[in-house]
Amino acid sequence: MSVTIPASDHSPLVRSRVVSDHAVPTGREEEWRFTPLARLQGLHTATLSLDGGIDVATRVEGGFHAEHVGGDDARVGKTFVPTDIVAAQAIAASDGVTVLSLPKESTGTAHVVITGRALPAAHHIVIEFGPFSDGTVLLEHRGSAVFAGTVELRVGDGAKAKVASYQAWDRNAVHVGTHAAQLGRDATLQMGHVTLGGDVVRMNPTVSYAAPGGDAELLGLYFAEAGQHLEHRMFVDHDTPHCRSSVLYKGALQGDGAHTVWIGDVLVRANAIGTDTYEVNRNLVLSDGARADSVPNLELETGEIVGAGHASATGRFDDEQLFYLQARGIPEDVARLLVVRGFFADVLSRLGLADLTREVMKQVDERLGVDGGEGEQDDQVAS
Amino acid sequence: MSTLEIRNLHATVEAEGDPRAILRGVDLTVRGGETHAVMGPNGSGKSTLAYVIAGHPKYTVTEGSISLDGQDVLEMSVDERARAGLFLAMQYPVEVPGVSVSNFLRTSATAMRGEAPKLRLWVKEMKEAMAALQIDPGFAERSVNEGFSGGEKKRHEILQLELLKPKIAVLDETDSGLDVDALKVVAEGVNRFRADGTTGTLLITHYTRILRYIHPDFVHVFVDGRIVESGGPELANKLEEEGYEKFAKSGVDA
Ligand SMILES: Nc1ncnc2c1ncn2[C@@H]1O[C@H](COP(=O)(O)OP(=O)(O)OP(=O)(O)O)[C@@H](O)[C@H]1O
Ligand SMILES: [Mg+2]
């Protein structure tokens, strides 16, 4: 059975695990109007066979457990109900679900590498942080695929979780994903999305709160080159009193037809008194012919909050910054590289994942056609 | 020894769609070993002169020339000018978020010297230069100029001057916003730069205060986009006593 919720309520219309409960998007829907459906290779029409097109390699350290379970496991779909046809296909994928769990009061890290085999594929991952646990999960997407991916994330009471998803796909991949987090009492989540690869990538991070005191930080970084469509639409549902959310997404665009979309939906429901929320999106347009759409969307149903705000800015290189660097002998291309690296530095230093930072900076260097020349210098990032 | 030669320099800036003349025939020669003070009232075009020497894209040179040791500076890009040996300490240094001071300085030193300085030696060199200017070592990891106080920005400019060792330095109001102690520290830095006797300094200032610590060989009065009077250090004393009014008039009359 599907449940219909009023459209004014920012929740999507249909919540169901049954694929056929979901309509095939036409592109006229608010949720899909930015997405180039024709380039999804049929992922949104539920006509593809999504069996077995990927490899999932999991490495765990410390207290983390990794399991492979069937879709009927009680932990699957416990806090996540698909709200679109692609997510419904992912959770229904026949080749099982990856479950990562960190027992209460333990620490650990998990590293999951999803590698496409140039086939349509789907996968669902459940990540559970037990009460007062402290852990990090890094999820990487590589190779090529037409991929429906979902992550169901639960952060237990008092737990401290960091979950980063890195979209390092080959240039021709398609990825539509929903990463849905629920935070327990006084839980802290840092959720990162770093998207560099793919032809069309559409990520949908969502956050909700099961109890007061939750604190979610959503960090994002994307860099679209010619022809790439990279879309991030987050939804933070403040449905519980005294919770915090802070969103920082930064994007760079370069080349003809590079297109990025950032939608920041934050809903503070009437009961969510004491909410503190702030969302920021910044885009740096490095060339003509690129387009950044940025839509912050903050809806307040109560005024009894600590704070709420949003900021969005899209700009080009700052001539004064380039002049200053060049006036110190730094050639223009290196100066541009420094500015772009600097632009991304705060997101990366907040995420605090050294390997990811290095890889992103290397990609940035390559895309700007400059050898960052790190050599013996360590990859320092100002904070 | 180097020579910076500025001849009949005219420059405009685009203001509300129209070019506006700011520099109206500047003549000035700065030789290695010399220190020139350029003094003038607010808005007279001192910073514009500094920016035009450095090659800021906002300004258009409409007439005249600038050369460094016979090389045409106006033909060079901003970074080429710096590598040729020109340095500008800015009145309002620019913030570059996310770029650490140490990364910036090393990238700059690499560009200026043509090869990356050896890390170990570089760290030592940077530490010593920072200590001499009483800059907290923690600044190395902060973003360039971001959240720096006015005085910290100026010290950071002089730190670059000392590390990059240009042939000719243009210092635009490096004294403004400094208390007496900071002024002394900064002046000592400039004097260390001048000490080898081959470098030229063009010191732009509004006040005579800094000239007590950095002794100029020549003083120029700059009004309405050009030099209206030149003299020795005694000219600065005259300005201190009489102000710019007299010159402002002569500037307009001329
Ligand atoms: N980018 C610009 N656009 C418009 N006008 C400008 C611009 N830059 C400078 N000007 C104008 O040119 C004139 C000279 O400015 P400049 O900054 O060179 O003066 P200054 O002598 O350095 O002044 P101060 O003592 O205040 O530093 C001023 O009238 C200023 O408003
Ligand atoms: Mg000035």
# chains A, B, ... in the order shown; residues from 1 in each chain; ligands from 1
call {"tool": "closest_atom_pairs", "arguments": {"of": "chain A", "to": "chain B", "cutoff": "6 Å", "atoms": "only C-alpha atoms", "output": "Markdown table"}}
result
| residue | atom | partner | partner_atom | distance |
| --- | --- | --- | --- | --- |
| A:Gln326 | CA | B:Asp79 | CA | 4.5 |
| A:Ala327 | CA | B:Asp79 | CA | 5.4 |
| A:Arg328 | CA | B:Ser108 | CA | 5.7 |
| A:Gly329 | CA | B:Asp79 | CA | 4.3 |
| A:Ile330 | CA | B:Ser108 | CA | 5.5 |
| A:Pro331 | CA | B:Asp79 | CA | 5.6 |
| A:Gly342 | CA | B:Gly98 | CA | 3.7 |
| A:Phe343 | CA | B:Gly98 | CA | 5.9 |
| A:Ala345 | CA | B:Gly98 | CA | 5.1 |
| A:Ala382 | CA | B:Ser100 | CA | 4.7 |
call {"tool": "residues_near_ligand", "arguments": {"ligand": "ligand 2", "cutoff": "7 Å", "atoms": "only C-alpha atoms and all ligand atoms", "output": "VMD selection string"}}
result
chain B and resid 43 45 to 47 91 172 to 173
call {"tool": "write_last_selection", "arguments": {"atoms": "N, CA and C atoms", "output": "mmCIF file, in the first residue's frame"}}
result
data_model
loop_
_atom_site.group_PDB
_atom_site.id
_atom_site.type_symbol
_atom_site.label_atom_id
_atom_site.label_comp_id
_atom_site.auth_asym_id
_atom_site.auth_seq_id
_atom_site.Cartn_x
_atom_site.Cartn_y
_atom_site.Cartn_z
ATOM 1 N N GLY B 43 43.182 59.731 -2.248
ATOM 2 C CA GLY B 43 42.567 59.754 -3.570
ATOM 3 C C GLY B 43 43.413 60.390 -4.648
ATOM 4 N N GLY B 45 45.899 59.091 -6.161
ATOM 5 C CA GLY B 45 46.291 58.114 -7.186
ATOM 6 C C GLY B 45 47.526 57.314 -6.820
ATOM 7 N N LYS B 46 47.941 57.347 -5.565
ATOM 8 C CA LYS B 46 49.151 56.638 -5.147
ATOM 9 C C LYS B 46 49.011 55.126 -5.332
ATOM 10 N N SER B 47 47.889 54.593 -4.858
ATOM 11 C CA SER B 47 47.689 53.145 -5.007
ATOM 12 C C SER B 47 47.544 52.774 -6.467
ATOM 13 N N GLN B 91 48.232 47.891 -0.033
ATOM 14 C CA GLN B 91 47.550 48.653 1.020
ATOM 15 C C GLN B 91 46.452 47.800 1.647
ATOM 16 N N ASP B 172 52.879 50.036 -0.450
ATOM 17 C CA ASP B 172 51.739 50.952 -0.453
ATOM 18 C C ASP B 172 51.139 51.058 0.945
ATOM 19 N N GLU B 173 51.408 52.161 1.610
ATOM 20 C CA GLU B 173 50.864 52.431 2.950
ATOM 21 C C GLU B 173 51.061 51.259 3.896
#
call {"tool": "select_by_dssp", "arguments": {"residues": "segment 145-175 of chain B", "states": "strand (DSSP E or B)", "output": "ChimeraX atom specification"}}
result
/B:168-172
call {"tool": "write_last_selection", "arguments": {"atoms": "N, CA and C atoms", "output": "compact mmCIF listing (two decimals), in the first residue's frame"}}
result
# COMPACT_ATOMS: atom_id res chain seq x y z
N ILE B 168 63.08 45.62 -6.88
CA ILE B 168 62.43 46.89 -6.55
C ILE B 168 61.14 46.58 -5.81
N ALA B 169 60.97 47.20 -4.64
CA ALA B 169 59.76 46.98 -3.86
C ALA B 169 58.92 48.25 -3.83
N VAL B 170 57.63 48.08 -4.09
CA VAL B 170 56.69 49.19 -3.94
C VAL B 170 55.86 48.87 -2.69
N LEU B 171 55.93 49.73 -1.71
CA LEU B 171 55.23 49.48 -0.44
C LEU B 171 54.12 50.51 -0.31
N ASP B 172 52.88 50.04 -0.45
CA ASP B 172 51.74 50.95 -0.45
C ASP B 172 51.14 51.06 0.95
call {"tool": "residues_near_ligand", "arguments": {"ligand": "ligand 1", "cutoff": "12 Å", "atoms": "only C-alpha atoms and all ligand atoms", "output": "compact mmCIF listing (two decimals) with C-alpha atoms, in the first residue's frame"}}
result
# COMPACT_ATOMS: atom_id res chain seq x y z
CA ASP A 319 40.13 38.80 -10.00
CA GLU A 320 41.61 40.29 -6.84
CA ALA B 11 46.32 55.50 -16.68
CA THR B 12 42.55 55.26 -16.50
CA VAL B 13 40.09 53.14 -14.62
CA GLU B 14 36.66 52.09 -15.85
CA ALA B 15 34.16 53.92 -13.63
CA GLU B 16 30.44 53.59 -14.36
CA GLY B 17 31.21 52.56 -17.92
CA ASP B 18 33.48 55.50 -18.69
CA PRO B 19 37.24 55.60 -18.50
CA ARG B 20 38.35 57.95 -15.77
CA ALA B 21 41.84 59.41 -15.84
CA ILE B 22 43.72 58.79 -12.56
CA LEU B 23 47.39 58.99 -13.43
CA ARG B 24 48.25 62.11 -15.43
CA VAL B 38 55.84 59.15 -2.44
CA MET B 39 53.49 61.18 -0.30
CA GLY B 40 50.11 62.54 -1.20
CA PRO B 41 46.56 63.19 -0.08
CA ASN B 42 43.74 60.65 -0.12
CA GLY B 43 42.57 59.75 -3.57
CA SER B 44 45.50 61.35 -5.35
CA GLY B 45 46.29 58.11 -7.19
CA LYS B 46 49.15 56.64 -5.15
CA SER B 47 47.69 53.15 -5.01
CA THR B 48 46.79 53.39 -8.67
CA LEU B 49 50.45 54.02 -9.45
CA ALA B 50 51.40 50.97 -7.38
CA TYR B 51 48.78 48.79 -9.07
CA VAL B 52 49.75 49.94 -12.55
CA ILE B 53 53.39 49.05 -11.84
CA HIS B 56 46.46 45.09 -12.08
CA PRO B 57 43.95 44.32 -14.87
CA LYS B 58 41.51 47.02 -13.64
CA TYR B 59 43.70 49.85 -14.92
CA THR B 60 44.52 50.81 -18.50
CA MET B 90 49.47 46.07 -0.92
CA GLN B 91 47.55 48.65 1.02
CA TYR B 92 44.68 46.18 1.28
CA LEU B 171 55.23 49.48 -0.44
CA ASP B 172 51.74 50.95 -0.45
CA GLU B 173 50.86 52.43 2.95
CA THR B 174 52.57 49.61 4.75
CA ASP B 175 52.54 51.89 7.81
CA SER B 176 48.80 52.48 7.98
CA ILE B 204 54.01 55.18 -0.58
CA THR B 205 52.68 56.86 2.50
CA HIS B 206 50.28 59.42 3.74
CA TYR B 207 52.14 60.26 6.92
CA VAL B 221 54.75 64.97 -3.43
CA PHE B 222 51.98 63.26 -5.35
CA VAL B 223 48.83 65.23 -6.14
CA ASP B 224 46.07 64.65 -8.64
CA GLY B 225 47.78 61.80 -10.47
CA ARG B 226 51.31 63.10 -10.76
CA ILE B 227 54.42 64.21 -8.91
call {"tool": "closest_residue", "arguments": {"among": "A:Arg33, A:Arg17, A:His141, A:His65", "to": "Ile91 of chain A", "atoms": "only C-alpha atoms"}}
result
A:Arg17
call {"tool": "residues_around", "arguments": {"residues": "Val86 of chain A", "least_positions_apart": "2", "cutoff": "8 Å", "atoms": "only C-alpha atoms", "output": "list in words"}}
result
Leu43, His44, Ala46, Asp84, Ala88, Gln89, Ala90, Ala148, Val176 and Gly177 of chain A
call {"tool": "write_last_selection", "arguments": {"atoms": "N, CA, C and O atoms", "output": "tab-separated table (two decimals), in the first residue's frame"}}
result
chain	number	residue	atom	x	y	z
A	43	LEU	N	16.90	3.84	-16.12
A	43	LEU	CA	16.90	3.55	-14.68
A	43	LEU	C	15.60	3.99	-14.00
A	43	LEU	O	15.15	3.37	-13.05
A	44	HIS	N	15.00	5.04	-14.50
A	44	HIS	CA	13.80	5.59	-13.86
A	44	HIS	C	12.52	4.94	-14.39
A	44	HIS	O	11.43	5.26	-13.91
A	46	ALA	N	12.09	1.55	-14.56
A	46	ALA	CA	11.97	0.22	-13.96
A	46	ALA	C	11.82	-0.86	-15.01
A	46	ALA	O	11.10	-1.84	-14.83
A	84	ASP	N	10.93	7.16	-4.26
A	84	ASP	CA	10.89	7.25	-5.72
A	84	ASP	C	11.17	5.87	-6.31
A	84	ASP	O	11.60	4.94	-5.62
A	88	ALA	N	13.16	2.41	-4.85
A	88	ALA	CA	12.39	1.18	-4.66
A	88	ALA	C	13.08	0.01	-5.36
A	88	ALA	O	13.11	-1.11	-4.85
A	89	GLN	N	13.66	0.27	-6.52
A	89	GLN	CA	14.38	-0.80	-7.23
A	89	GLN	C	15.64	-1.20	-6.47
A	89	GLN	O	16.02	-2.37	-6.45
A	90	ALA	N	16.30	-0.22	-5.86
A	90	ALA	CA	17.55	-0.52	-5.16
A	90	ALA	C	17.30	-1.42	-3.96
A	90	ALA	O	18.01	-2.41	-3.75
A	148	ALA	N	21.36	2.06	-9.35
A	148	ALA	CA	20.39	2.52	-8.36
A	148	ALA	C	20.95	2.15	-6.99
A	148	ALA	O	21.15	0.97	-6.72
A	176	VAL	N	21.77	7.02	-9.54
A	176	VAL	CA	20.70	7.72	-8.84
A	176	VAL	C	20.62	7.09	-7.45
A	176	VAL	O	20.42	5.88	-7.32
A	177	GLY	N	20.84	7.89	-6.42
A	177	GLY	CA	20.92	7.32	-5.08
A	177	GLY	C	20.20	8.12	-4.03
A	177	GLY	O	20.15	9.35	-4.10
call {"tool": "closest_residue", "arguments": {"among": "B:Pro137, B:Lys153, B:Thr208, B:Arg31", "to": "Gly243 of chain B", "atoms": "only C-alpha atoms"}}
result
B:Thr208
call {"tool": "select_by_dssp", "arguments": {"residues": "segment 174-355 of chain A", "states": "alpha helix (DSSP H)", "output": "PyMOL selection string"}}
result
chain A and resi 319-326+332-351+354-355
call {"tool": "residues_around", "arguments": {"residues": "Val190 of chain B", "least_positions_apart": "3", "cutoff": "9 Å", "atoms": "only C-alpha atoms", "output": "list in words"}}
result
Ile158, Leu161, Glu162, Val185, Val186, Ala187, Phe193, Arg194, Ala195, Thr201 and Ile214 of chain B
call {"tool": "write_last_selection", "arguments": {"atoms": "C-alpha atoms", "output": "short mmCIF file (atom, residue, chain, number, x, y, z; two decimals), in the first residue's frame"}}
result
data_model
loop_
_atom_site.label_atom_id
_atom_site.label_comp_id
_atom_site.auth_asym_id
_atom_site.auth_seq_id
_atom_site.Cartn_x
_atom_site.Cartn_y
_atom_site.Cartn_z
CA ILE B 158 56.75 42.32 4.59
CA LEU B 161 59.13 40.92 0.74
CA GLU B 162 61.89 39.36 2.79
CA VAL B 185 58.97 45.73 13.54
CA VAL B 186 57.76 46.30 10.00
CA ALA B 187 60.28 49.09 9.40
CA PHE B 193 65.54 44.30 2.70
CA ARG B 194 67.32 47.59 1.92
CA ALA B 195 70.46 46.62 3.78
CA THR B 201 62.28 50.92 -2.52
CA ILE B 214 62.89 54.15 7.08
#
call {"tool": "closest_residue", "arguments": {"among": "A:Leu248, A:Ile114, A:Leu353, A:Ala335", "to": "Trp262 of chain A", "atoms": "only C-alpha atoms"}}
result
A:Leu248
call {"tool": "residues_around", "arguments": {"residues": "Val268 of chain A", "least_positions_apart": "5", "cutoff": "6 Å", "atoms": "only C-alpha atoms", "output": "compact mmCIF listing (two decimals) with C-alpha atoms, in the first residue's frame"}}
result
# COMPACT_ATOMS: atom_id res chain seq x y z
CA HIS A 238 13.27 18.60 11.44
CA LEU A 300 9.53 27.05 8.93
CA GLU A 301 6.35 25.87 10.57
call {"tool": "residues_around", "arguments": {"residues": "segment 190-204 of chain A", "least_positions_apart": "3", "cutoff": "7 Å", "atoms": "only C-alpha atoms", "output": "NGL selection string"}}
result
:A and (161-179 or 216-224 or 228-234 or 351)
call {"tool": "write_last_selection", "arguments": {"atoms": "N, CA and C atoms", "output": "tab-separated table (two decimals), in the first residue's frame"}}
result
chain	number	residue	atom	x	y	z
A	161	ALA	N	28.92	9.46	14.24
A	161	ALA	CA	29.10	8.75	12.97
A	161	ALA	C	29.59	9.69	11.88
A	162	LYS	N	30.49	9.15	11.06
A	162	LYS	CA	30.91	9.86	9.87
A	162	LYS	C	30.72	8.93	8.69
A	163	VAL	N	29.96	9.35	7.72
A	163	VAL	CA	29.71	8.51	6.55
A	163	VAL	C	29.92	9.36	5.30
A	164	ALA	N	30.89	8.94	4.50
A	164	ALA	CA	31.17	9.70	3.29
A	164	ALA	C	30.95	8.82	2.07
A	165	SER	N	30.34	9.39	1.07
A	165	SER	CA	30.10	8.66	-0.18
A	165	SER	C	30.82	9.39	-1.30
A	166	TYR	N	31.71	8.65	-1.95
A	166	TYR	CA	32.55	9.25	-2.99
A	166	TYR	C	32.15	8.68	-4.34
A	167	GLN	N	31.68	9.53	-5.22
A	167	GLN	CA	31.26	9.10	-6.55
A	167	GLN	C	32.42	9.32	-7.52
A	168	ALA	N	33.22	8.28	-7.68
A	168	ALA	CA	34.43	8.37	-8.50
A	168	ALA	C	34.23	7.57	-9.78
A	169	TRP	N	33.02	7.53	-10.26
A	169	TRP	CA	32.65	6.75	-11.43
A	169	TRP	C	33.47	7.12	-12.66
A	170	ASP	N	33.51	6.18	-13.60
A	170	ASP	CA	33.99	6.53	-14.94
A	170	ASP	C	33.02	7.54	-15.54
A	171	ARG	N	33.51	8.20	-16.55
A	171	ARG	CA	32.80	9.34	-17.12
A	171	ARG	C	31.41	8.99	-17.66
A	172	ASN	N	31.15	7.71	-18.02
A	172	ASN	CA	29.87	7.38	-18.65
A	172	ASN	C	28.84	6.77	-17.70
A	173	ALA	N	29.11	6.75	-16.42
A	173	ALA	CA	28.21	6.08	-15.48
A	173	ALA	C	26.96	6.92	-15.18
A	174	VAL	N	25.92	6.19	-14.75
A	174	VAL	CA	24.69	6.84	-14.28
A	174	VAL	C	24.44	6.35	-12.86
A	175	HIS	N	24.14	7.24	-11.96
A	175	HIS	CA	23.93	6.85	-10.57
A	175	HIS	C	22.81	7.70	-9.99
A	176	VAL	N	21.77	7.02	-9.54
A	176	VAL	CA	20.70	7.72	-8.84
A	176	VAL	C	20.62	7.09	-7.45
A	177	GLY	N	20.84	7.89	-6.42
A	177	GLY	CA	20.92	7.32	-5.08
A	177	GLY	C	20.20	8.12	-4.03
A	178	THR	N	19.64	7.39	-3.06
A	178	THR	CA	19.08	8.03	-1.88
A	178	THR	C	19.83	7.52	-0.66
A	179	HIS	N	20.33	8.42	0.15
A	179	HIS	CA	21.04	8.04	1.38
A	179	HIS	C	20.27	8.64	2.55
A	216	ALA	N	23.24	16.94	12.81
A	216	ALA	CA	23.67	16.43	11.50
A	216	ALA	C	24.41	17.50	10.73
A	217	GLU	N	25.57	17.10	10.22
A	217	GLU	CA	26.32	18.01	9.36
A	217	GLU	C	26.41	17.36	7.98
A	218	LEU	N	25.89	18.03	6.98
A	218	LEU	CA	25.93	17.50	5.62
A	218	LEU	C	26.94	18.29	4.82
A	219	LEU	N	27.93	17.57	4.31
A	219	LEU	CA	29.00	18.23	3.57
A	219	LEU	C	29.02	17.68	2.15
A	220	GLY	N	29.24	18.54	1.21
A	220	GLY	CA	29.27	18.07	-0.17
A	220	GLY	C	30.28	18.81	-1.01
A	221	LEU	N	30.79	18.10	-2.00
A	221	LEU	CA	31.75	18.68	-2.93
A	221	LEU	C	31.50	18.04	-4.28
A	222	TYR	N	31.40	18.86	-5.31
A	222	TYR	CA	31.24	18.30	-6.64
A	222	TYR	C	31.99	19.16	-7.65
A	223	PHE	N	32.40	18.52	-8.73
A	223	PHE	CA	33.14	19.23	-9.78
A	223	PHE	C	32.67	18.63	-11.10
A	224	ALA	N	31.88	19.41	-11.83
A	224	ALA	CA	31.34	18.92	-13.10
A	224	ALA	C	32.18	19.43	-14.25
A	228	GLN	N	28.82	16.85	-17.97
A	228	GLN	CA	28.40	16.11	-16.77
A	228	GLN	C	27.20	16.79	-16.09
A	229	HIS	N	26.28	15.96	-15.63
A	229	HIS	CA	25.17	16.47	-14.81
A	229	HIS	C	25.32	15.90	-13.40
A	230	LEU	N	25.62	16.75	-12.45
A	230	LEU	CA	25.81	16.30	-11.07
A	230	LEU	C	24.79	17.03	-10.20
A	231	GLU	N	23.92	16.23	-9.61
A	231	GLU	CA	22.79	16.80	-8.87
A	231	GLU	C	22.79	16.29	-7.43
A	232	HIS	N	22.65	17.21	-6.50
A	232	HIS	CA	22.54	16.84	-5.08
A	232	HIS	C	21.33	17.54	-4.52
A	233	ARG	N	20.41	16.75	-4.05
A	233	ARG	CA	19.23	17.36	-3.44
A	233	ARG	C	19.05	16.76	-2.06
A	234	MET	N	19.24	17.60	-1.05
A	234	MET	CA	19.10	17.06	0.30
A	234	MET	C	17.80	17.49	0.91
A	351	LEU	N	35.56	17.28	6.63
A	351	LEU	CA	35.36	15.83	6.48
A	351	LEU	C	36.52	15.07	7.12
call {"tool": "residues_around", "arguments": {"residues": "Glu61 of chain A", "least_positions_apart": "5", "cutoff": "7 Å", "atoms": "only C-alpha atoms", "output": "list in words"}}
result
Gly108, Thr109 and Ala110 of chain A
call {"tool": "write_last_selection", "arguments": {"atoms": "C-alpha atoms", "output": "PDB file, in the first residue's frame"}}
result
ATOM      1  CA  GLY A 108      35.612   1.194  14.027  1.00  0.00           C
ATOM      2  CA  THR A 109      35.880   2.006  10.369  1.00  0.00           C
ATOM      3  CA  ALA A 110      34.403   0.458   7.267  1.00  0.00           C
TER       4      ALA A 110
END
